[in-house]
file model.cif (mmCIF, N, CA and C atoms)
data_entry
loop_
_atom_site.label_atom_id
_atom_site.label_comp_id
_atom_site.auth_asym_id
_atom_site.auth_seq_id
_atom_site.Cartn_x
_atom_site.Cartn_y
_atom_site.Cartn_z
N MET A 1 -33.44 -49.14 2.38
CA MET A 1 -32.51 -48.07 2.16
C MET A 1 -31.09 -48.62 2.32
N LYS A 2 -30.20 -48.15 1.47
CA LYS A 2 -28.81 -48.61 1.52
C LYS A 2 -28.07 -47.92 2.65
N PRO A 3 -27.09 -48.56 3.24
CA PRO A 3 -26.36 -47.97 4.36
C PRO A 3 -25.48 -46.78 3.95
N ASP A 4 -25.15 -46.62 2.69
CA ASP A 4 -24.29 -45.52 2.29
C ASP A 4 -25.05 -44.36 1.64
N SER A 5 -26.35 -44.34 1.76
CA SER A 5 -27.12 -43.25 1.17
C SER A 5 -26.83 -41.95 1.93
N GLY A 6 -26.65 -40.85 1.20
CA GLY A 6 -26.35 -39.56 1.80
C GLY A 6 -24.88 -39.22 1.77
N GLN A 7 -24.01 -40.18 1.48
CA GLN A 7 -22.58 -39.89 1.44
C GLN A 7 -22.22 -39.00 0.26
N ILE A 8 -22.85 -39.16 -0.84
CA ILE A 8 -22.58 -38.32 -2.01
C ILE A 8 -22.96 -36.87 -1.71
N THR A 9 -24.06 -36.67 -1.01
CA THR A 9 -24.50 -35.31 -0.67
C THR A 9 -23.45 -34.62 0.20
N ALA A 10 -22.91 -35.28 1.19
CA ALA A 10 -21.88 -34.70 2.05
C ALA A 10 -20.63 -34.38 1.23
N PHE A 11 -20.27 -35.27 0.32
CA PHE A 11 -19.11 -35.06 -0.53
C PHE A 11 -19.29 -33.82 -1.40
N VAL A 12 -20.47 -33.67 -2.00
CA VAL A 12 -20.76 -32.52 -2.85
C VAL A 12 -20.71 -31.23 -2.04
N VAL A 13 -21.25 -31.24 -0.83
CA VAL A 13 -21.23 -30.05 0.02
C VAL A 13 -19.80 -29.65 0.34
N VAL A 14 -18.95 -30.61 0.69
CA VAL A 14 -17.55 -30.31 1.03
C VAL A 14 -16.81 -29.78 -0.19
N ILE A 15 -16.99 -30.42 -1.34
CA ILE A 15 -16.32 -29.97 -2.57
C ILE A 15 -16.80 -28.57 -2.96
N PHE A 16 -18.12 -28.33 -2.86
CA PHE A 16 -18.65 -27.01 -3.19
C PHE A 16 -18.06 -25.94 -2.28
N ALA A 17 -17.98 -26.23 -0.98
CA ALA A 17 -17.40 -25.26 -0.04
C ALA A 17 -15.93 -25.00 -0.38
N ALA A 18 -15.19 -26.04 -0.72
CA ALA A 18 -13.79 -25.87 -1.10
C ALA A 18 -13.66 -25.02 -2.36
N LEU A 19 -14.52 -25.23 -3.33
CA LEU A 19 -14.48 -24.45 -4.56
C LEU A 19 -14.81 -22.98 -4.30
N VAL A 20 -15.75 -22.72 -3.43
CA VAL A 20 -16.08 -21.34 -3.08
C VAL A 20 -14.89 -20.66 -2.40
N LEU A 21 -14.21 -21.36 -1.50
CA LEU A 21 -13.04 -20.79 -0.84
C LEU A 21 -11.90 -20.54 -1.83
N VAL A 22 -11.69 -21.45 -2.77
CA VAL A 22 -10.66 -21.25 -3.78
C VAL A 22 -11.01 -20.05 -4.66
N ALA A 23 -12.27 -19.94 -5.04
CA ALA A 23 -12.71 -18.78 -5.82
C ALA A 23 -12.51 -17.49 -5.01
N GLY A 24 -12.76 -17.55 -3.72
CA GLY A 24 -12.54 -16.40 -2.84
C GLY A 24 -11.08 -16.02 -2.78
N LEU A 25 -10.21 -17.02 -2.71
CA LEU A 25 -8.78 -16.73 -2.69
C LEU A 25 -8.33 -16.08 -3.99
N VAL A 26 -8.87 -16.54 -5.09
CA VAL A 26 -8.49 -15.97 -6.38
C VAL A 26 -9.03 -14.54 -6.52
N LEU A 27 -10.31 -14.35 -6.32
CA LEU A 27 -10.91 -13.02 -6.49
C LEU A 27 -10.40 -12.05 -5.43
N ASP A 28 -10.54 -12.41 -4.17
CA ASP A 28 -10.13 -11.51 -3.10
C ASP A 28 -8.62 -11.35 -3.05
N GLY A 29 -7.89 -12.39 -3.40
CA GLY A 29 -6.43 -12.28 -3.46
C GLY A 29 -6.01 -11.26 -4.50
N GLY A 30 -6.68 -11.24 -5.64
CA GLY A 30 -6.39 -10.24 -6.66
C GLY A 30 -6.72 -8.84 -6.19
N LEU A 31 -7.84 -8.70 -5.50
CA LEU A 31 -8.21 -7.38 -4.96
C LEU A 31 -7.20 -6.91 -3.92
N ILE A 32 -6.73 -7.83 -3.09
CA ILE A 32 -5.75 -7.48 -2.05
C ILE A 32 -4.42 -7.09 -2.69
N LEU A 33 -3.97 -7.83 -3.70
CA LEU A 33 -2.74 -7.46 -4.39
C LEU A 33 -2.86 -6.10 -5.06
N SER A 34 -4.00 -5.83 -5.64
CA SER A 34 -4.24 -4.53 -6.28
C SER A 34 -4.21 -3.40 -5.25
N ALA A 35 -4.81 -3.63 -4.09
CA ALA A 35 -4.81 -2.62 -3.02
C ALA A 35 -3.39 -2.38 -2.51
N ARG A 36 -2.61 -3.45 -2.40
CA ARG A 36 -1.23 -3.30 -1.94
C ARG A 36 -0.41 -2.51 -2.95
N LEU A 37 -0.60 -2.77 -4.22
CA LEU A 37 0.11 -2.03 -5.26
C LEU A 37 -0.28 -0.56 -5.25
N ARG A 38 -1.57 -0.30 -5.04
CA ARG A 38 -2.02 1.09 -4.97
C ARG A 38 -1.41 1.80 -3.76
N ALA A 39 -1.36 1.10 -2.62
CA ALA A 39 -0.76 1.69 -1.42
C ALA A 39 0.72 1.99 -1.65
N LEU A 40 1.43 1.08 -2.31
CA LEU A 40 2.84 1.29 -2.61
C LEU A 40 3.03 2.46 -3.56
N ASN A 41 2.20 2.55 -4.60
CA ASN A 41 2.30 3.67 -5.54
C ASN A 41 2.05 5.00 -4.85
N GLU A 42 1.05 5.04 -3.97
CA GLU A 42 0.75 6.28 -3.26
C GLU A 42 1.90 6.66 -2.32
N ALA A 43 2.49 5.66 -1.67
CA ALA A 43 3.62 5.93 -0.78
C ALA A 43 4.81 6.46 -1.57
N GLN A 44 5.09 5.87 -2.72
CA GLN A 44 6.21 6.33 -3.55
C GLN A 44 6.00 7.77 -4.02
N GLU A 45 4.81 8.06 -4.49
CA GLU A 45 4.54 9.42 -4.98
C GLU A 45 4.58 10.45 -3.86
N ALA A 46 4.07 10.09 -2.69
CA ALA A 46 4.11 11.01 -1.56
C ALA A 46 5.55 11.24 -1.11
N ALA A 47 6.36 10.19 -1.10
CA ALA A 47 7.77 10.33 -0.72
C ALA A 47 8.50 11.21 -1.73
N ARG A 48 8.21 11.03 -3.01
CA ARG A 48 8.82 11.90 -4.04
C ARG A 48 8.42 13.35 -3.84
N ALA A 49 7.14 13.57 -3.55
CA ALA A 49 6.67 14.94 -3.32
C ALA A 49 7.42 15.57 -2.14
N GLY A 50 7.62 14.80 -1.10
CA GLY A 50 8.36 15.31 0.05
C GLY A 50 9.82 15.56 -0.26
N ALA A 51 10.42 14.71 -1.08
CA ALA A 51 11.85 14.84 -1.41
C ALA A 51 12.13 16.05 -2.28
N GLN A 52 11.11 16.66 -2.82
CA GLN A 52 11.30 17.87 -3.63
C GLN A 52 11.35 19.14 -2.80
N ALA A 53 11.08 19.04 -1.51
CA ALA A 53 11.05 20.22 -0.64
C ALA A 53 12.44 20.50 -0.09
N ILE A 54 13.31 21.00 -0.95
CA ILE A 54 14.68 21.26 -0.50
C ILE A 54 14.76 22.62 0.20
N ASP A 55 15.75 22.76 1.03
CA ASP A 55 16.01 24.00 1.74
C ASP A 55 16.74 24.93 0.78
N LEU A 56 16.01 25.88 0.20
CA LEU A 56 16.58 26.74 -0.83
C LEU A 56 17.67 27.66 -0.29
N ALA A 57 17.53 28.15 0.94
CA ALA A 57 18.54 29.04 1.51
C ALA A 57 19.88 28.31 1.62
N THR A 58 19.86 27.08 2.09
CA THR A 58 21.10 26.30 2.22
C THR A 58 21.67 26.00 0.84
N TYR A 59 20.83 25.66 -0.09
CA TYR A 59 21.29 25.34 -1.44
C TYR A 59 21.94 26.56 -2.10
N ARG A 60 21.32 27.73 -1.94
CA ARG A 60 21.85 28.94 -2.57
C ARG A 60 23.16 29.39 -1.94
N SER A 61 23.30 29.17 -0.62
CA SER A 61 24.52 29.64 0.04
C SER A 61 25.67 28.64 -0.04
N THR A 62 25.37 27.34 -0.03
CA THR A 62 26.45 26.34 -0.01
C THR A 62 26.45 25.41 -1.21
N GLY A 63 25.35 25.35 -1.93
CA GLY A 63 25.26 24.42 -3.05
C GLY A 63 24.93 23.00 -2.62
N THR A 64 24.66 22.82 -1.33
CA THR A 64 24.33 21.51 -0.79
C THR A 64 22.82 21.31 -0.81
N ILE A 65 22.40 20.16 -1.31
CA ILE A 65 20.97 19.85 -1.35
C ILE A 65 20.59 19.16 -0.04
N THR A 66 19.74 19.83 0.73
CA THR A 66 19.20 19.26 1.96
C THR A 66 17.70 19.53 1.99
N LEU A 67 17.01 18.72 2.73
CA LEU A 67 15.56 18.89 2.86
C LEU A 67 15.22 19.92 3.92
N ASP A 68 14.11 20.59 3.69
CA ASP A 68 13.46 21.37 4.73
C ASP A 68 12.46 20.41 5.36
N PRO A 69 12.76 19.91 6.57
CA PRO A 69 11.94 18.83 7.15
C PRO A 69 10.45 19.15 7.25
N SER A 70 10.12 20.36 7.68
CA SER A 70 8.69 20.68 7.84
C SER A 70 7.99 20.77 6.48
N GLN A 71 8.65 21.36 5.49
CA GLN A 71 8.05 21.45 4.16
C GLN A 71 7.96 20.07 3.51
N ALA A 72 8.96 19.22 3.73
CA ALA A 72 8.95 17.87 3.15
C ALA A 72 7.79 17.06 3.71
N ALA A 73 7.62 17.12 5.03
CA ALA A 73 6.51 16.38 5.66
C ALA A 73 5.17 16.93 5.18
N ALA A 74 5.07 18.26 5.09
CA ALA A 74 3.81 18.87 4.65
C ALA A 74 3.50 18.49 3.20
N ALA A 75 4.50 18.47 2.34
CA ALA A 75 4.28 18.11 0.93
C ALA A 75 3.83 16.66 0.80
N ALA A 76 4.46 15.78 1.55
CA ALA A 76 4.08 14.36 1.50
C ALA A 76 2.66 14.17 2.03
N ARG A 77 2.33 14.83 3.14
CA ARG A 77 0.98 14.72 3.69
C ARG A 77 -0.06 15.32 2.75
N ALA A 78 0.30 16.41 2.09
CA ALA A 78 -0.64 17.04 1.14
C ALA A 78 -0.92 16.08 -0.02
N TYR A 79 0.10 15.36 -0.48
CA TYR A 79 -0.14 14.40 -1.55
C TYR A 79 -1.08 13.29 -1.07
N LEU A 80 -0.83 12.78 0.13
CA LEU A 80 -1.70 11.73 0.66
C LEU A 80 -3.14 12.22 0.79
N THR A 81 -3.30 13.42 1.26
CA THR A 81 -4.64 13.99 1.40
C THR A 81 -5.32 14.13 0.05
N SER A 82 -4.56 14.52 -0.96
CA SER A 82 -5.15 14.72 -2.29
C SER A 82 -5.62 13.41 -2.91
N THR A 83 -5.02 12.30 -2.52
CA THR A 83 -5.44 11.00 -3.06
C THR A 83 -6.42 10.29 -2.13
N GLY A 84 -6.65 10.84 -0.96
CA GLY A 84 -7.55 10.21 -0.01
C GLY A 84 -6.91 9.05 0.75
N ALA A 85 -5.60 8.96 0.70
CA ALA A 85 -4.89 7.86 1.37
C ALA A 85 -4.60 8.23 2.82
N ARG A 86 -4.48 7.18 3.65
CA ARG A 86 -4.08 7.37 5.05
C ARG A 86 -2.68 6.81 5.21
N GLY A 87 -1.86 7.55 5.94
CA GLY A 87 -0.51 7.04 6.13
C GLY A 87 0.30 7.88 7.09
N ASP A 88 1.52 7.44 7.29
CA ASP A 88 2.46 8.13 8.18
C ASP A 88 3.60 8.68 7.35
N VAL A 89 4.08 9.87 7.75
CA VAL A 89 5.20 10.50 7.07
C VAL A 89 6.27 10.78 8.11
N GLN A 90 7.49 10.39 7.80
CA GLN A 90 8.63 10.68 8.69
C GLN A 90 9.74 11.27 7.84
N VAL A 91 10.38 12.31 8.37
CA VAL A 91 11.53 12.91 7.71
C VAL A 91 12.71 12.76 8.65
N ASN A 92 13.70 12.01 8.22
CA ASN A 92 14.92 11.79 9.01
C ASN A 92 16.10 12.22 8.16
N GLY A 93 16.71 13.34 8.53
CA GLY A 93 17.81 13.85 7.73
C GLY A 93 17.30 14.23 6.35
N ASP A 94 17.87 13.61 5.33
CA ASP A 94 17.45 13.89 3.96
C ASP A 94 16.59 12.77 3.38
N GLN A 95 15.96 12.00 4.22
CA GLN A 95 15.10 10.93 3.74
C GLN A 95 13.66 11.16 4.18
N VAL A 96 12.76 10.96 3.22
CA VAL A 96 11.33 11.03 3.51
C VAL A 96 10.80 9.61 3.41
N THR A 97 10.23 9.12 4.51
CA THR A 97 9.66 7.78 4.55
C THR A 97 8.15 7.90 4.70
N VAL A 98 7.43 7.25 3.80
CA VAL A 98 5.97 7.30 3.82
C VAL A 98 5.44 5.87 3.86
N THR A 99 4.54 5.62 4.79
CA THR A 99 3.86 4.33 4.88
C THR A 99 2.37 4.58 4.71
N VAL A 100 1.77 3.91 3.73
CA VAL A 100 0.35 4.06 3.44
C VAL A 100 -0.37 2.79 3.85
N ARG A 101 -1.51 2.94 4.50
CA ARG A 101 -2.36 1.81 4.90
C ARG A 101 -3.67 1.88 4.14
N ARG A 102 -4.09 0.76 3.61
CA ARG A 102 -5.38 0.65 2.93
C ARG A 102 -6.12 -0.55 3.48
N THR A 103 -7.42 -0.42 3.62
CA THR A 103 -8.27 -1.53 4.04
C THR A 103 -9.04 -2.01 2.83
N GLN A 104 -8.85 -3.26 2.47
CA GLN A 104 -9.53 -3.84 1.32
C GLN A 104 -10.63 -4.78 1.81
N ALA A 105 -11.86 -4.46 1.47
CA ALA A 105 -12.98 -5.34 1.82
C ALA A 105 -12.94 -6.57 0.92
N THR A 106 -13.31 -7.71 1.47
CA THR A 106 -13.34 -8.94 0.67
C THR A 106 -14.74 -9.17 0.14
N GLN A 107 -14.82 -9.89 -0.96
CA GLN A 107 -16.09 -10.17 -1.60
C GLN A 107 -16.61 -11.56 -1.21
N ILE A 108 -15.78 -12.55 -1.36
CA ILE A 108 -16.19 -13.93 -1.12
C ILE A 108 -15.69 -14.45 0.23
N LEU A 109 -14.48 -14.07 0.61
CA LEU A 109 -13.92 -14.56 1.87
C LEU A 109 -14.67 -14.02 3.08
N ALA A 110 -15.52 -13.03 2.90
CA ALA A 110 -16.35 -12.55 4.01
C ALA A 110 -17.24 -13.66 4.53
N VAL A 111 -17.61 -14.59 3.66
CA VAL A 111 -18.42 -15.75 4.07
C VAL A 111 -17.65 -16.60 5.07
N ALA A 112 -16.32 -16.64 4.93
CA ALA A 112 -15.48 -17.43 5.83
C ALA A 112 -15.05 -16.63 7.05
N GLY A 113 -15.56 -15.41 7.22
CA GLY A 113 -15.25 -14.61 8.39
C GLY A 113 -14.12 -13.60 8.19
N ILE A 114 -13.60 -13.49 6.97
CA ILE A 114 -12.54 -12.52 6.69
C ILE A 114 -13.19 -11.37 5.92
N GLY A 115 -13.63 -10.37 6.67
CA GLY A 115 -14.37 -9.27 6.06
C GLY A 115 -13.52 -8.24 5.37
N SER A 116 -12.29 -8.06 5.84
CA SER A 116 -11.39 -7.08 5.23
C SER A 116 -9.95 -7.42 5.58
N VAL A 117 -9.05 -6.86 4.79
CA VAL A 117 -7.62 -7.07 5.00
C VAL A 117 -6.94 -5.70 4.91
N VAL A 118 -6.03 -5.41 5.84
CA VAL A 118 -5.28 -4.16 5.82
C VAL A 118 -3.95 -4.42 5.13
N VAL A 119 -3.64 -3.60 4.12
CA VAL A 119 -2.38 -3.72 3.40
C VAL A 119 -1.55 -2.47 3.63
N HIS A 120 -0.24 -2.60 3.48
CA HIS A 120 0.69 -1.49 3.70
C HIS A 120 1.60 -1.33 2.49
N GLY A 121 2.00 -0.11 2.24
CA GLY A 121 3.02 0.19 1.24
C GLY A 121 3.95 1.23 1.83
N THR A 122 5.26 0.99 1.74
CA THR A 122 6.25 1.91 2.32
C THR A 122 7.27 2.29 1.26
N ALA A 123 7.62 3.57 1.23
CA ALA A 123 8.63 4.05 0.29
C ALA A 123 9.50 5.09 0.97
N VAL A 124 10.75 5.15 0.51
CA VAL A 124 11.71 6.12 1.02
C VAL A 124 12.27 6.89 -0.18
N ALA A 125 12.33 8.22 -0.06
CA ALA A 125 12.91 9.04 -1.13
C ALA A 125 13.84 10.06 -0.52
N GLU A 126 14.81 10.48 -1.31
CA GLU A 126 15.72 11.53 -0.88
C GLU A 126 16.01 12.42 -2.07
N PRO A 127 16.32 13.69 -1.80
CA PRO A 127 16.57 14.60 -2.93
C PRO A 127 17.89 14.24 -3.61
N ALA A 128 17.93 14.52 -4.91
CA ALA A 128 19.15 14.28 -5.68
C ALA A 128 19.27 15.38 -6.73
N ARG A 129 20.48 15.75 -7.04
CA ARG A 129 20.72 16.81 -8.01
C ARG A 129 20.29 16.35 -9.41
N GLY A 130 19.48 17.16 -10.06
CA GLY A 130 19.11 16.92 -11.45
C GLY A 130 17.89 16.05 -11.65
N ILE A 131 17.39 15.39 -10.59
CA ILE A 131 16.18 14.60 -10.69
C ILE A 131 15.30 14.92 -9.49
N THR A 132 14.03 14.51 -9.56
CA THR A 132 13.09 14.93 -8.52
C THR A 132 13.21 14.13 -7.24
N GLY A 133 13.78 12.99 -7.25
CA GLY A 133 13.92 12.20 -6.03
C GLY A 133 14.35 10.78 -6.36
N VAL A 134 14.99 10.16 -5.43
CA VAL A 134 15.46 8.80 -5.62
C VAL A 134 14.64 7.89 -4.71
N ILE A 135 13.98 6.90 -5.29
CA ILE A 135 13.17 5.96 -4.52
C ILE A 135 13.99 4.70 -4.30
N ARG A 136 13.93 4.20 -3.06
CA ARG A 136 14.59 2.93 -2.76
C ARG A 136 13.58 1.96 -2.28
#
call {"tool": "encode", "arguments": {"input": "model.cif", "output": "structure tokens"}}
result
Amino acid sequence: MKPDSGQITAFVVVIFAALVLVAGLVLDGGLILSARLRALNEAQEAARAGAQAIDLATYRSTGTITLDPSQAAAAARAYLTSTGARGDVQVNGDQVTVTVRRTQATQILAVAGIGSVVVHGTAVAEPARGITGVIR
């Protein structure tokens, strides 16, 4: 028997493992990016929904557009509930801030011990005259 027998087998195992991890990064990375985009879209839409809850009494008496904080928070939370998203809603002055969290399960990286990844999306909206909300 030659002294170097079995070295090719070890090399193939290492290369195969590396290829599986690269495939996992590509597939699961795409799934994670998609989940992050979805979380961001949900946060933006929820913030817009909240920014539409203006205080009508103040607007009618002074012409000033301000938010009704309780209605804005309720509208944003209602949107999140309707999409099945989990997140936090904060109303500070005339700004509605929504942060959405999503857990994305991995397909291939689970073999390497990474079973899921939590992604976040945050958006801020405020009411504006003539449009439904301004996203920053």
call {"tool": "resolve_selection", "arguments": {"input": "model.cif", "expression": "the PyMOL selection byres ((chain A and resi 120) around 8)", "output": "PyMOL selection string"}}
result
chain A and resi 35-40+99-103+117-119+121-123
call {"tool": "select_by_dssp", "arguments": {"input": "model.cif", "residues": "chain A", "states": "alpha helix (DSSP H)", "output": "JSON, numbers by chain"}}
result
{"A": [7, 8, 9, 10, 11, 12, 13, 14, 15, 16, 17, 18, 19, 20, 21, 22, 23, 24, 25, 26, 27, 28, 29, 30, 31, 32, 33, 34, 35, 36, 37, 38, 39, 40, 41, 42, 43, 44, 45, 46, 47, 48, 49, 50, 51, 56, 57, 58, 59, 60, 61, 62, 69, 70, 71, 72, 73, 74, 75, 76, 77, 78, 79, 80, 81, 82, 83]}
call {"tool": "residues_around", "arguments": {"input": "model.cif", "residues": "region 17-25 of chain A", "least_positions_apart": "5", "cutoff": "8 Å", "atoms": "all atoms listed in the file", "output": "number ranges by chain"}}
result
A: 11-12, 30-31, 107-110, 112
call {"tool": "axis_aligned_box", "arguments": {"input": "model.cif", "around": "region 89-101 of chain A", "padding_each_side": "3 Å", "output": "lines of an AutoDock Vina configuration file"}}
result
center_x = 7.1
center_y = 8.0
center_z = 6.1
size_x = 27.5
size_y = 18.4
size_z = 11.8
call {"tool": "residues_around", "arguments": {"input": "model.cif", "residues": "region 48-60 of chain A", "least_positions_apart": "5", "cutoff": "10 Å", "atoms": "only C-alpha atoms", "output": "VMD selection string"}}
result
chain A and resid 42 to 43 65 to 80 89 to 91 94 to 98 123 to 128 131 to 135
call {"tool": "atom_distance", "arguments": {"input": "model.cif", "atom1": "CA of Asp88 (chain A)", "atom2": "atom N of Asn41 (chain A)"}}
result
13.9 Å
call {"tool": "atom_distance", "arguments": {"input": "model.cif", "atom1": "CA of Ile15 (chain A)", "atom2": "atom C of Gly115 (chain A)"}}
result
23.3 Å
call {"tool": "atom_distance", "arguments": {"input": "model.cif", "atom1": "CA of Ile32 (chain A)", "atom2": "atom C of Ile114 (chain A)"}}
result
11.6 Å
call {"tool": "select_by_dssp", "arguments": {"input": "model.cif", "residues": "chain A", "states": "strand (DSSP E or B)", "output": "PyMOL selection string"}}
result
chain A and resi 54+67+86-92+95-105+116-128+131-135
